[in-house]
$ cat entry17.tsv   # TSV, C-alpha atoms and all ligand atoms
chain	number	residue	atom	x	y	z
G	1	MET	CA	7.76	13.11	11.21
G	2	GLY	CA	8.48	13.30	14.92
G	3	SER	CA	10.81	10.94	16.74
G	4	PRO	CA	9.46	7.41	17.26
G	5	GLY	CA	7.67	6.93	20.57
G	6	ILE	CA	8.37	3.71	22.42
G	7	LEU	CA	6.81	2.32	25.56
G	8	LEU	CA	9.35	0.26	27.50
G	9	GLY	CA	7.86	-2.11	30.04
G	10	VAL	CA	10.28	-3.64	32.52
G	11	THR	CA	9.30	-6.64	34.66
G	12	GLY	CA	10.79	-8.34	37.70
G	13	SER	CA	13.72	-10.40	36.52
G	14	ILE	CA	17.40	-10.23	37.30
G	15	ALA	CA	17.75	-9.26	33.62
G	16	ALA	CA	16.02	-5.92	34.43
G	17	TYR	CA	19.48	-4.32	34.52
G	18	LYS	CA	19.77	-5.01	30.78
G	19	ALA	CA	16.67	-2.84	30.22
G	20	VAL	CA	18.74	0.18	31.24
G	21	GLU	CA	21.01	-0.41	28.25
G	22	VAL	CA	18.00	-1.03	25.98
G	23	LEU	CA	16.66	2.37	27.08
G	24	ARG	CA	20.01	4.05	26.50
G	25	ARG	CA	20.22	2.65	22.97
G	26	LEU	CA	16.67	3.68	22.14
G	27	THR	CA	17.15	7.25	23.33
G	28	SER	CA	20.50	7.46	21.50
G	29	ALA	CA	18.64	6.42	18.34
G	30	GLY	CA	16.38	9.43	18.82
G	31	CYS	CA	13.33	7.72	20.34
G	32	THR	CA	11.11	9.21	23.00
G	33	VAL	CA	10.76	6.44	25.56
G	34	GLN	CA	8.13	6.12	28.26
G	35	VAL	CA	9.18	3.58	30.87
G	36	VAL	CA	6.66	1.57	32.89
G	37	LEU	CA	7.99	-0.63	35.68
G	38	THR	CA	6.24	-3.46	37.46
G	39	GLU	CA	6.66	-3.63	41.23
G	40	GLY	CA	9.09	-6.50	40.77
G	41	ALA	CA	11.22	-4.53	38.30
G	42	ALA	CA	11.50	-1.61	40.71
G	43	ARG	CA	13.03	-3.99	43.26
G	44	PHE	CA	15.85	-4.85	40.83
G	45	VAL	CA	16.56	-1.39	39.37
G	46	PRO	CA	15.46	1.90	40.99
G	47	PRO	CA	13.03	3.99	38.90
G	48	LEU	CA	15.40	6.93	39.18
G	49	THR	CA	17.88	5.20	36.84
G	50	PHE	CA	15.24	4.96	34.11
G	51	GLU	CA	14.00	8.47	34.85
G	52	ALA	CA	17.46	9.96	34.45
G	53	LEU	CA	18.09	8.14	31.16
G	54	SER	CA	14.66	8.68	29.58
G	55	GLY	CA	14.36	12.27	30.79
G	56	ARG	CA	10.74	11.54	31.75
G	57	PRO	CA	8.86	10.45	34.86
G	58	VAL	CA	8.59	6.68	35.10
G	59	VAL	CA	5.25	4.95	35.71
G	60	THR	CA	5.43	2.62	38.68
G	61	ASP	CA	2.11	2.94	40.46
G	62	TRP	CA	-1.58	2.89	39.71
G	63	ASP	CA	-2.80	6.42	39.78
G	64	GLY	CA	0.28	7.94	38.27
G	65	SER	CA	0.56	10.25	41.24
G	66	ALA	CA	4.32	9.82	41.24
G	67	SER	CA	4.64	10.40	37.51
G	68	GLY	CA	1.61	12.54	36.73
G	69	ILE	CA	0.82	10.07	33.89
G	70	SER	CA	-2.27	7.88	33.81
G	71	HIS	CA	-2.00	4.32	32.54
G	72	VAL	CA	-4.85	4.95	30.11
G	73	GLU	CA	-2.93	7.67	28.30
G	74	THR	CA	0.51	6.12	28.58
G	75	GLY	CA	0.39	3.94	25.50
G	76	TYR	CA	-1.91	5.86	23.20
G	77	ASP	CA	0.50	7.45	20.79
G	78	VAL	CA	3.53	5.15	20.86
G	79	ASN	CA	4.86	3.46	17.70
G	80	ALA	CA	6.02	0.28	19.45
G	81	VAL	CA	5.91	-1.40	22.85
G	82	VAL	CA	8.81	-3.40	24.24
G	83	VAL	CA	8.61	-5.57	27.33
G	84	ALA	CA	12.20	-6.34	28.32
G	85	PRO	CA	12.75	-8.44	30.27
G	86	ALA	CA	9.42	-10.23	29.97
G	87	THR	CA	8.96	-12.75	32.78
G	88	ALA	CA	6.87	-15.92	32.44
G	89	HIS	CA	4.42	-14.35	34.89
G	90	THR	CA	3.95	-11.13	32.95
G	91	MET	CA	3.64	-12.97	29.62
G	92	ALA	CA	0.90	-15.10	31.19
G	93	ARG	CA	-0.88	-11.95	32.41
G	94	ILE	CA	-0.64	-10.30	28.99
G	95	ALA	CA	-1.83	-13.48	27.25
G	96	VAL	CA	-4.93	-13.65	29.46
G	97	GLY	CA	-5.57	-9.90	29.28
G	98	PHE	CA	-5.18	-9.02	32.95
G	99	ALA	CA	-5.11	-5.35	33.95
G	100	ASP	CA	-3.73	-5.90	37.41
G	101	CYS	CA	-0.81	-3.47	37.26
G	102	PRO	CA	-0.11	-0.25	35.34
G	103	LEU	CA	1.91	-2.14	32.71
G	104	THR	CA	-0.70	-4.80	31.87
G	105	ALA	CA	-3.50	-2.21	32.06
G	106	THR	CA	-1.59	0.01	29.63
G	107	LEU	CA	-0.98	-2.91	27.25
G	108	LEU	CA	-4.73	-3.43	26.92
G	109	SER	CA	-5.18	0.06	25.53
G	110	VAL	CA	-2.13	0.04	23.25
G	111	ARG	CA	-2.55	-0.89	19.57
G	112	ALA	CA	1.10	-0.49	18.53
G	113	PRO	CA	3.23	-3.59	17.72
G	114	LEU	CA	4.38	-5.47	20.83
G	115	LEU	CA	7.89	-6.88	21.24
G	116	LEU	CA	8.66	-9.30	24.05
G	117	ALA	CA	12.17	-10.12	25.25
G	118	PRO	CA	11.59	-13.14	27.50
G	119	ALA	CA	13.95	-13.92	30.38
G	120	MET	CA	13.50	-16.88	32.68
G	121	GLU	CA	14.81	-20.27	33.76
G	122	SER	CA	14.90	-22.74	30.88
G	123	ARG	CA	12.43	-25.08	32.62
G	124	MET	CA	9.95	-22.21	32.93
G	125	TRP	CA	10.48	-21.33	29.25
G	126	SER	CA	9.85	-24.92	28.14
G	127	HIS	CA	6.85	-25.50	30.44
G	128	PRO	CA	3.65	-26.18	28.47
G	129	ALA	CA	1.92	-23.24	30.19
G	130	THR	CA	4.58	-20.79	29.00
G	131	ARG	CA	4.67	-22.40	25.55
G	132	ALA	CA	0.89	-21.97	25.27
G	133	ASN	CA	1.06	-18.34	26.43
G	134	VAL	CA	3.82	-17.51	23.97
G	135	LYS	CA	1.86	-19.16	21.19
G	136	THR	CA	-1.23	-17.12	22.08
G	137	LEU	CA	0.76	-13.90	22.10
G	138	LEU	CA	2.49	-14.63	18.79
G	139	ALA	CA	-0.76	-15.68	17.15
G	140	ARG	CA	-2.12	-12.31	18.23
G	141	GLY	CA	0.74	-10.63	16.36
G	142	ALA	CA	3.26	-10.05	19.17
G	143	HIS	CA	6.95	-10.20	18.22
G	144	LEU	CA	9.66	-12.06	20.07
G	145	VAL	CA	13.36	-11.41	20.45
G	146	GLY	CA	15.28	-14.22	22.19
G	147	PRO	CA	15.47	-15.85	24.62
G	148	GLU	CA	18.94	-17.15	24.02
G	149	ALA	CA	20.86	-20.16	25.18
G	150	GLY	CA	23.65	-19.62	27.69
G	151	PRO	CA	24.40	-19.35	31.40
G	152	LEU	CA	21.32	-18.46	33.46
G	153	ALA	CA	20.97	-16.60	36.77
G	154	SER	CA	20.56	-19.95	38.55
G	155	GLY	CA	24.05	-20.97	37.48
G	156	ARG	CA	22.61	-23.56	35.09
G	157	GLU	CA	22.89	-23.49	31.32
G	158	GLY	CA	19.89	-23.42	29.01
G	159	VAL	CA	17.52	-21.40	26.86
G	160	GLY	CA	16.11	-18.45	28.80
G	161	ARG	CA	18.66	-15.63	28.76
G	162	MET	CA	17.25	-12.31	27.67
G	163	ALA	CA	18.53	-11.26	24.23
G	164	GLU	CA	21.35	-8.72	24.31
G	165	PRO	CA	20.23	-5.08	24.65
G	166	GLU	CA	21.53	-4.19	21.18
G	167	GLN	CA	19.38	-6.94	19.64
G	168	VAL	CA	16.31	-5.85	21.64
G	169	ALA	CA	16.76	-2.19	20.74
G	170	ASN	CA	17.27	-3.00	17.03
G	171	ALA	CA	14.18	-5.19	16.98
G	172	ALA	CA	12.19	-2.42	18.67
G	173	LEU	CA	13.42	0.21	16.21
G	174	ALA	CA	12.49	-2.08	13.32
G	175	LEU	CA	8.95	-2.30	14.72
G	176	THR	CA	8.49	1.45	14.56
G	177	ARG	CA	8.45	1.01	10.77
G	178	PRO	CA	5.68	-0.84	8.85
G	179	PRO	CA	6.45	-4.56	8.03
G	180	SER	CA	7.03	-3.98	4.32
G	181	ALA	CA	9.58	-1.28	5.16
G	182	ARG	CA	11.46	-3.56	7.62
G	183	GLY	CA	12.38	-6.09	4.97
G	184	ARG	CA	10.61	-8.60	2.70
G	185	TRP	CA	11.48	-12.28	2.81
G	186	LEU	CA	10.62	-15.12	0.47
G	187	ILE	CA	11.12	-18.69	1.66
G	188	THR	CA	10.61	-21.92	-0.26
G	189	ALA	CA	9.95	-25.08	1.74
G	190	GLY	CA	8.69	-28.64	1.47
G	191	PRO	CA	9.11	-31.24	-1.25
G	192	THR	CA	7.94	-30.98	-4.85
G	193	TRP	CA	5.70	-33.42	-6.68
G	194	GLU	CA	6.56	-34.28	-10.27
G	195	ALA	CA	3.76	-36.05	-12.08
G	196	VAL	CA	4.53	-39.42	-13.69
G	197	ASP	CA	0.89	-39.82	-14.69
G	198	PRO	CA	-2.37	-38.56	-13.09
G	199	VAL	CA	-1.92	-40.74	-9.99
G	200	ARG	CA	1.82	-41.26	-9.56
G	201	ILE	CA	4.50	-38.76	-8.57
G	202	LEU	CA	8.24	-38.40	-8.05
G	203	THR	CA	8.93	-36.79	-4.69
G	204	ASN	CA	11.25	-36.95	-1.64
G	205	ARG	CA	11.13	-37.30	2.15
G	206	SER	CA	11.13	-33.57	3.02
G	207	THR	CA	8.34	-32.40	5.35
G	208	GLY	CA	9.14	-28.68	5.09
G	209	THR	CA	9.25	-28.36	8.90
G	210	LEU	CA	12.42	-26.30	9.12
G	211	GLY	CA	11.45	-23.83	6.38
G	212	VAL	CA	7.98	-23.41	7.88
G	213	GLU	CA	9.44	-22.86	11.37
G	214	LEU	CA	11.79	-20.29	9.86
G	215	ALA	CA	8.91	-18.46	8.16
G	216	ASP	CA	7.09	-18.30	11.51
G	217	LEU	CA	10.14	-16.87	13.24
G	218	VAL	CA	10.72	-14.33	10.47
G	219	ALA	CA	7.11	-13.14	10.76
G	220	ALA	CA	7.37	-13.10	14.55
G	221	SER	CA	10.45	-10.90	14.19
G	222	GLY	CA	8.36	-8.33	12.35
G	223	TYR	CA	9.25	-8.94	8.70
G	224	ALA	CA	6.89	-9.46	5.78
G	225	VAL	CA	7.27	-13.06	4.60
G	226	ASP	CA	5.89	-15.13	1.72
G	227	LEU	CA	6.25	-18.90	1.97
G	228	VAL	CA	6.16	-20.87	-1.27
G	229	LEU	CA	5.28	-24.30	0.04
G	230	GLY	CA	5.36	-27.66	-1.70
G	231	PRO	CA	2.90	-30.43	-0.79
G	232	THR	CA	3.11	-31.06	2.97
G	233	SER	CA	0.71	-31.10	5.89
G	234	VAL	CA	2.98	-28.78	7.91
G	235	ARG	CA	1.58	-25.26	8.11
G	236	PRO	CA	2.85	-22.03	9.69
G	237	TRP	CA	0.97	-20.81	12.74
G	238	HIS	CA	1.89	-17.14	12.43
G	239	PRO	CA	-0.92	-15.18	10.74
G	240	GLY	CA	1.66	-12.90	9.10
G	241	VAL	CA	3.07	-15.69	6.89
G	242	GLU	CA	1.59	-15.53	3.39
G	243	VAL	CA	1.42	-19.13	2.11
G	244	VAL	CA	1.54	-19.89	-1.63
G	245	SER	CA	0.90	-23.62	-2.19
G	246	VAL	CA	2.58	-25.27	-5.18
G	247	GLU	CA	3.19	-28.81	-6.43
G	248	SER	CA	5.96	-29.08	-9.02
G	249	ALA	CA	9.38	-27.44	-9.30
G	250	ARG	CA	8.14	-25.45	-12.28
G	251	ASP	CA	5.14	-24.16	-10.26
G	252	MET	CA	7.52	-23.27	-7.45
G	253	GLU	CA	9.83	-21.42	-9.83
G	254	ALA	CA	6.93	-19.41	-11.30
G	255	ALA	CA	5.65	-18.50	-7.82
G	256	VAL	CA	9.14	-17.38	-6.77
G	257	ARG	CA	9.81	-15.40	-9.94
G	258	SER	CA	6.61	-13.41	-9.63
G	259	ARG	CA	7.57	-12.35	-6.11
G	260	LEU	CA	11.15	-11.15	-6.57
G	261	ALA	CA	10.47	-7.44	-6.90
G	262	GLY	CA	11.46	-5.50	-3.79
G	263	LEU	CA	12.68	-8.62	-2.00
G	264	ASP	CA	15.44	-8.37	0.64
G	265	VAL	CA	16.05	-12.01	1.54
G	266	PHE	CA	15.46	-15.23	-0.40
G	267	VAL	CA	15.79	-18.53	1.44
G	268	ALA	CA	15.56	-21.70	-0.64
G	269	ALA	CA	14.75	-24.34	1.97
G	270	ALA	CA	12.64	-26.50	-0.38
G	271	ALA	CA	13.80	-29.96	-1.40
G	272	VAL	CA	13.24	-29.46	-5.10
G	273	SER	CA	13.24	-32.48	-7.36
G	274	ASP	CA	16.20	-32.17	-9.73
G	275	TYR	CA	14.37	-34.07	-12.48
G	276	ARG	CA	10.82	-34.55	-13.69
G	277	PRO	CA	9.33	-37.13	-16.05
G	278	ALA	CA	9.79	-35.81	-19.59
G	279	SER	CA	6.13	-36.44	-20.29
G	280	ALA	CA	3.17	-37.26	-18.08
G	281	PRO	CA	0.36	-39.03	-19.94
G	282	GLU	CA	-3.22	-37.86	-19.37
G	283	SER	CA	-4.32	-41.34	-18.33
G	284	LYS	CA	-2.86	-43.78	-15.81
G	285	LEU	CA	0.04	-45.88	-17.04
G	286	LYS	CA	-0.96	-49.54	-17.14
G	287	ARG	CA	1.21	-52.49	-16.26
G	288	GLY	CA	2.54	-54.12	-19.40
G	289	THR	CA	2.18	-51.03	-21.59
G	290	PRO	CA	5.29	-50.83	-23.79
G	291	GLY	CA	7.76	-48.39	-22.19
G	292	ALA	CA	5.90	-48.32	-18.81
G	293	ASP	CA	8.96	-49.85	-17.12
G	294	ARG	CA	11.18	-46.87	-18.07
G	295	LEU	CA	11.03	-43.28	-16.91
G	296	GLN	CA	12.51	-40.67	-19.24
G	297	LEU	CA	13.56	-37.70	-17.10
G	298	GLU	CA	14.43	-34.11	-17.87
G	299	GLU	CA	16.05	-31.52	-15.66
G	300	ASN	CA	14.06	-29.06	-13.57
G	301	PRO	CA	15.06	-25.40	-13.35
G	302	ASP	CA	17.43	-24.63	-10.47
G	303	ILE	CA	15.36	-22.03	-8.62
G	304	LEU	CA	18.10	-21.01	-6.19
G	305	ALA	CA	20.76	-20.53	-8.89
G	306	GLY	CA	18.24	-18.70	-11.06
G	307	VAL	CA	17.45	-16.20	-8.29
G	308	ALA	CA	21.07	-15.84	-7.16
G	309	GLN	CA	22.34	-15.18	-10.69
G	310	GLY	CA	19.28	-13.41	-12.06
G	311	PRO	CA	18.62	-9.72	-12.71
G	312	GLN	CA	16.29	-9.34	-9.70
G	313	ARG	CA	18.69	-10.84	-7.19
G	314	PRO	CA	17.73	-9.88	-3.61
G	315	ARG	CA	20.62	-8.64	-1.47
G	316	TRP	CA	20.65	-11.91	0.53
G	317	VAL	CA	20.28	-15.34	-1.03
G	318	ILE	CA	20.53	-18.40	1.20
G	319	GLY	CA	20.43	-21.98	0.02
G	320	PHE	CA	20.21	-25.34	1.76
G	321	ALA	CA	22.16	-28.49	1.10
G	322	ALA	CA	21.30	-31.98	2.22
G	323	GLU	CA	24.38	-34.12	1.82
G	324	THR	CA	25.09	-37.70	2.75
G	325	GLU	CA	28.89	-37.27	3.03
G	326	ASP	CA	31.69	-34.68	2.97
G	327	VAL	CA	29.07	-32.12	4.01
G	328	GLU	CA	31.12	-28.97	4.57
G	329	ALA	CA	33.23	-29.08	1.41
G	330	ARG	CA	30.33	-30.03	-0.83
G	331	ALA	CA	28.07	-27.37	0.61
G	332	ASP	CA	30.71	-24.69	0.17
G	333	ALA	CA	31.24	-25.73	-3.43
G	334	LYS	CA	27.48	-25.49	-3.91
G	335	ARG	CA	27.46	-21.97	-2.45
G	336	VAL	CA	30.03	-20.82	-4.98
G	337	ARG	CA	28.52	-22.70	-7.91
G	338	LYS	CA	25.00	-21.41	-7.34
G	339	GLY	CA	26.02	-17.88	-6.38
G	340	ALA	CA	24.36	-17.93	-2.92
G	341	ASP	CA	25.62	-15.81	-0.01
G	342	ALA	CA	25.42	-18.76	2.36
G	343	ILE	CA	24.45	-22.40	2.46
G	344	VAL	CA	22.79	-24.14	5.38
G	345	ALA	CA	23.93	-27.75	5.27
G	346	ASN	CA	22.94	-30.90	7.06
G	347	GLN	CA	23.88	-34.50	6.79
G	348	VAL	CA	21.01	-36.70	5.76
G	349	GLY	CA	20.57	-40.39	5.54
G	350	ARG	CA	17.72	-42.81	6.00
G	351	ASP	CA	17.51	-42.08	9.73
G	352	ARG	CA	18.70	-38.45	9.86
G	353	GLY	CA	17.59	-35.04	8.80
G	354	PHE	CA	14.47	-35.57	6.72
G	355	GLY	CA	11.18	-35.88	8.51
G	356	GLY	CA	12.65	-36.37	12.01
G	357	GLY	CA	12.36	-33.89	14.87
G	358	GLN	CA	16.11	-33.51	15.48
G	359	THR	CA	18.77	-32.10	13.22
G	360	GLU	CA	22.25	-30.55	13.15
G	361	LEU	CA	23.10	-27.70	10.82
G	362	LEU	CA	26.19	-26.03	9.41
G	363	TRP	CA	26.09	-22.40	8.30
G	364	ILE	CA	28.64	-21.85	5.56
G	365	ASP	CA	29.45	-18.46	4.10
G	366	GLU	CA	32.60	-16.86	2.69
G	367	ARG	CA	33.86	-16.30	6.24
G	368	GLY	CA	33.76	-19.96	7.19
G	369	CYS	CA	31.54	-22.46	8.96
G	370	GLN	CA	29.40	-22.31	12.13
G	371	ARG	CA	27.66	-25.34	13.66
G	372	SER	CA	24.32	-25.45	15.47
G	373	GLY	CA	25.10	-28.63	17.38
G	374	PRO	CA	22.40	-31.32	17.62
G	375	CYS	CA	19.06	-29.56	18.18
G	376	SER	CA	15.33	-29.53	17.51
G	377	LYS	CA	14.07	-28.10	14.23
G	378	ALA	CA	12.65	-25.10	16.14
G	379	THR	CA	16.12	-24.34	17.56
G	380	ALA	CA	17.64	-24.98	14.13
G	381	ALA	CA	15.29	-22.42	12.59
G	382	ARG	CA	16.36	-19.91	15.27
G	383	PHE	CA	20.02	-20.69	14.47
G	384	VAL	CA	19.42	-19.99	10.77
G	385	LEU	CA	17.47	-16.77	11.43
G	386	ASP	CA	20.15	-15.47	13.81
G	387	ARG	CA	22.89	-16.17	11.25
G	388	ILE	CA	20.95	-14.44	8.46
G	389	LEU	CA	20.18	-11.42	10.64
G	390	GLU	CA	23.79	-11.23	11.80
G	391	ARG	CA	24.99	-11.07	8.19
G	392	SER	CA	22.19	-9.04	6.71
G	393	ARG	CA	21.79	-6.32	9.30
G	394	GLU	CA	23.87	-3.81	7.37
G	395	GLY	CA	21.98	-4.60	4.17
G	396	MET	CA	18.44	-4.53	5.60
G	397	ARG	CA	16.41	-1.41	5.43
G	401	LIG	O1	21.73	-28.83	-5.95
G	401	LIG	P1	20.98	-29.14	-4.72
G	401	LIG	O2	19.59	-29.68	-4.99
G	401	LIG	O3	21.69	-29.96	-3.71
G	401	LIG	O4	20.79	-27.70	-4.03
G	401	LIG	C1	20.01	-27.50	-2.90
G	401	LIG	C2	19.60	-26.07	-2.81
G	401	LIG	O5	19.14	-25.59	-4.07
G	401	LIG	C3	18.41	-25.87	-1.90
G	401	LIG	O6	18.50	-24.57	-1.36
G	401	LIG	C4	17.23	-26.02	-2.82
G	401	LIG	O7	16.08	-25.36	-2.32
G	401	LIG	C5	17.75	-25.36	-4.07
G	401	LIG	N1	17.23	-25.92	-5.32
G	401	LIG	C6	16.40	-25.17	-6.13
G	401	LIG	N2	15.95	-25.68	-7.32
G	401	LIG	C7	16.30	-26.90	-7.73
G	401	LIG	C8	17.16	-27.68	-6.93
G	401	LIG	C9	17.60	-27.18	-5.73
G	401	LIG	O8	16.08	-24.05	-5.74
G	401	LIG	N3	15.86	-27.36	-8.88

$ encode --input "entry17.tsv" --output "structure tokens"
Amino acid sequence: MGSPGILLGVTGSIAAYKAVEVLRRLTSAGCTVQVVLTEGAARFVPPLTFEALSGRPVVTDWDGSASGISHVETGYDVNAVVVAPATAHTMARIAVGFADCPLTATLLSVRAPLLLAPAMESRMWSHPATRANVKTLLARGAHLVGPEAGPLASGREGVGRMAEPEQVANAALALTRPPSARGRWLITAGPTWEAVDPVRILTNRSTGTLGVELADLVAASGYAVDLVLGPTSVRPWHPGVEVVSVESARDMEAAVRSRLAGLDVFVAAAAVSDYRPASAPESKLKRGTPGADRLQLEENPDILAGVAQGPQRPRWVIGFAAETEDVEARADAKRVRKGADAIVANQVGRDRGFGGGQTELLWIDERGCQRSGPCSKATAARFVLDRILERSREGMR
């Protein structure tokens, strides 16, 4: 096999200087990189810099007269396309399908996976127009790396910084391989339903939002992901997420067990009922029936512990812990007891954690504890994914 071919599109953001380092890392990894600059990008970094590092002419204008390369041919045989930095403007143009510059025109003829590394002011990133464009692009199968929270060019703080070049280059390299070769994930999410009788159930307040958000992000990052989902109305939007709907803990366990072969990461985000009614009659329990005022319970299988301590243990096993007090110590004890590599913990109570939009997470592994700070569930999912990727990079294929 020849070296992977990558098309690197650079757009007009102050973060364009970071694209130089992305290019350097890609060429060091043995990739052949064709750089295409927008007019705006060429104002931030001269084409000559990219030309010298890629060892190829850079496309900056329409007819390719400077480079001798036509935009129609540019993207035909590449294995992945990276747009870094990707401005709000260029993402909007790609989402709509404009062909108003060599980069957007090229992107219309490319069929290779597309990775976007957004960079912009946080208010632009959170604007409904940008949100809608990003959603369109992701639904079409594009991948996203970043943006990250931190200091922005404006001097303000917020989400909008382009991901670090190493992260962008690694994500791009991963995309040159097929999804199943990049890593397979299995995530459980949502509550479980344990039948008391045909109409009544034992369940909990989980909505599955965080696990579903995580599955979307994992798919958007280019991994193959199965989501074993308990009863909830929350659904992933990414077409790459394979949803397996289950009701009870035992159904969930069976669905998980049958999918362990060749798995790289298992994330148990589901709120599994610890107990189930020992027997569920075929017909509805009636008031006044002897024994109808007592529930005899028996223990459900511990799916997380079973996977973590079982013969088909994936390299990375991550559990969740919802605790009402003494969160860090209890979660760490749970990590050791169950045999997980890390536990994501949050404090729950009547008004916190379950069902609400906001949360605060702790990531606990054998190295210690990291906190997300109070954040939305979407940001929390990003926090969890970043921690898992940080730890698992060496172990992922
Ligand atoms: O023991 P506890 O229920 O607090 O543990 C929570 C973690 O274990 C979560 O990751 C949850 O998905 C998982 N779990 C499980 N099977 C159970 C109970 C919990 O996988 N029966």

$ atom_distance --input "entry17.tsv" --atom1 "atom CA of Ala249 of chain G" --atom2 "atom CA of Glu325 of chain G"
25.1 Å

$ atom_distance --input "entry17.tsv" --atom1 "atom CA of Thr60 of chain G" --atom2 "atom CA of Ile14 of chain G"
17.6 Å

$ residues_around --input "entry17.tsv" --residues "Gly30 of chain G" --least-positions-apart "4" --cutoff "10 Å" --atoms "only C-alpha atoms" --output "list in words"
Gly2, Ser3, Pro4, Gly5, Arg25 and Leu26 of chain G

$ closest_atom_pairs --input "entry17.tsv" --of "segment 183-277 of chain G" --to "segment 304-317 of chain G" --cutoff "12 Å" --atoms "only C-alpha atoms" --output "CSV"
residue,atom,partner,partner_atom,distance
G:Gly183,CA,G:Arg315,CA,10.8
G:Arg184,CA,G:Pro314,CA,9.6
G:Trp185,CA,G:Pro314,CA,9.3
G:Leu186,CA,G:Pro314,CA,9.7
G:Ile187,CA,G:Val317,CA,10.1
G:Thr188,CA,G:Leu304,CA,9.6
G:Ala249,CA,G:Leu304,CA,11.3
G:Met252,CA,G:Leu304,CA,10.9
G:Glu253,CA,G:Gly306,CA,8.9
G:Ala254,CA,G:Gly306,CA,11.3
G:Val256,CA,G:Val307,CA,8.5
G:Arg257,CA,G:Val307,CA,7.9
G:Ser258,CA,G:Gln312,CA,10.5
G:Arg259,CA,G:Gln312,CA,9.9
G:Leu260,CA,G:Gln312,CA,6.3
G:Ala261,CA,G:Gln312,CA,6.7
G:Gly262,CA,G:Pro314,CA,7.7
G:Leu263,CA,G:Pro314,CA,5.4
G:Asp264,CA,G:Pro314,CA,5.1
G:Val265,CA,G:Trp316,CA,4.7
G:Phe266,CA,G:Val317,CA,4.9
G:Val267,CA,G:Val317,CA,6.0
G:Ala268,CA,G:Leu304,CA,6.1
G:Ala269,CA,G:Leu304,CA,9.4
G:Ala270,CA,G:Leu304,CA,9.7
G:Ala271,CA,G:Leu304,CA,11.0
G:Val272,CA,G:Leu304,CA,9.8
G:Asp274,CA,G:Leu304,CA,11.9

$ closest_residue --input "entry17.tsv" --among "G:Asp251, G:Asp386, G:Glu148, G:Glu121" --to "ligand LIG 401 (chain G)" --atoms "all atoms listed in the file"
G:Asp251

$ closest_residue --input "entry17.tsv" --among "G:Asp61, G:Glu164, G:Asp77, G:Asp216" --to "Ala119 of chain G" --atoms "only C-alpha atoms"
G:Glu164

$ closest_residue --input "entry17.tsv" --among "G:Thr38, G:Thr324, G:Asn133, G:Ser279" --to "ligand LIG 401 (chain G)" --atoms "all atoms listed in the file"
G:Thr324

$ atom_distance --input "entry17.tsv" --atom1 "atom CA of Tyr17 of chain G" --atom2 "atom CA of Val145 of chain G"
16.9 Å

$ closest_residue --input "entry17.tsv" --among "G:Thr130, G:Thr192, G:Gln358, G:Ser392" --to "ligand LIG 401 (chain G)" --atoms "all atoms listed in the file"
G:Thr192

$ closest_residue --input "entry17.tsv" --among "G:Val196, G:Ala41, G:Val225, G:Ala333" --to "Thr87 of chain G" --atoms "all atoms listed in the file"
G:Ala41

$ closest_residue --input "entry17.tsv" --among "G:Pro374, G:Pro113, G:Gly190, G:Gly155" --to "Thr176 of chain G" --atoms "all atoms listed in the file"
G:Pro113

$ residues_near_point --input "entry17.tsv" --point "(7.8, -32.4, 3.1)" --cutoff "10 Å" --atoms "only C-alpha atoms" --output "list in words"
Ala189, Gly190, Pro191, Thr192, Thr203, Asn204, Arg205, Ser206, Thr207, Gly208, Thr209, Leu210, Gly211, Leu229, Gly230, Pro231, Thr232, Ser233, Val234, Ala270, Ala271, Phe354 and Gly355 of chain G

$ residues_around --input "entry17.tsv" --residues "Gly55 of chain G" --least-positions-apart "4" --cutoff "9 Å" --atoms "only C-alpha atoms" --output "list in words"
Thr32, Val33, Phe50 and Glu51 of chain G

$ write_last_selection --input "entry17.tsv" --atoms "C-alpha atoms" --output "PDB file, in the coordinates of the input"
ATOM      1  CA  THR G  32      11.110   9.210  23.000  1.00  0.00           C
ATOM      2  CA  VAL G  33      10.760   6.440  25.560  1.00  0.00           C
ATOM      3  CA  PHE G  50      15.240   4.960  34.110  1.00  0.00           C
ATOM      4  CA  GLU G  51      14.000   8.470  34.850  1.00  0.00           C
TER       5      GLU G  51
END

$ residues_around --input "entry17.tsv" --residues "Glu360 of chain G" --least-positions-apart "6" --cutoff "10 Å" --atoms "all atoms listed in the file" --output "number ranges by chain"
G: 345-348, 352-353, 371-377, 379-380

$ residues_around --input "entry17.tsv" --residues "Leu285 of chain G" --least-positions-apart "3" --cutoff "9 Å" --atoms "only C-alpha atoms" --output "MDAnalysis selection string"
chainID G and resid 196:200 281:282 288:289 292

$ residues_around --input "entry17.tsv" --residues "Arg161 of chain G" --least-positions-apart "4" --cutoff "9 Å" --atoms "all atoms listed in the file" --output "list in words"
Ala15, Pro118, Ala119, Met120, Glu121, Ser122, Gly146, Pro147, Glu148, Ala149, Gly150, Pro151, Leu152 and Ala153 of chain G

$ residues_near_point --input "entry17.tsv" --point "(6.5, -4.1, 8.0)" --cutoff "12 Å" --atoms "all atoms listed in the file" --output "PyMOL selection string"
chain G and resi 113+143+171+173-185+218-225+240+397
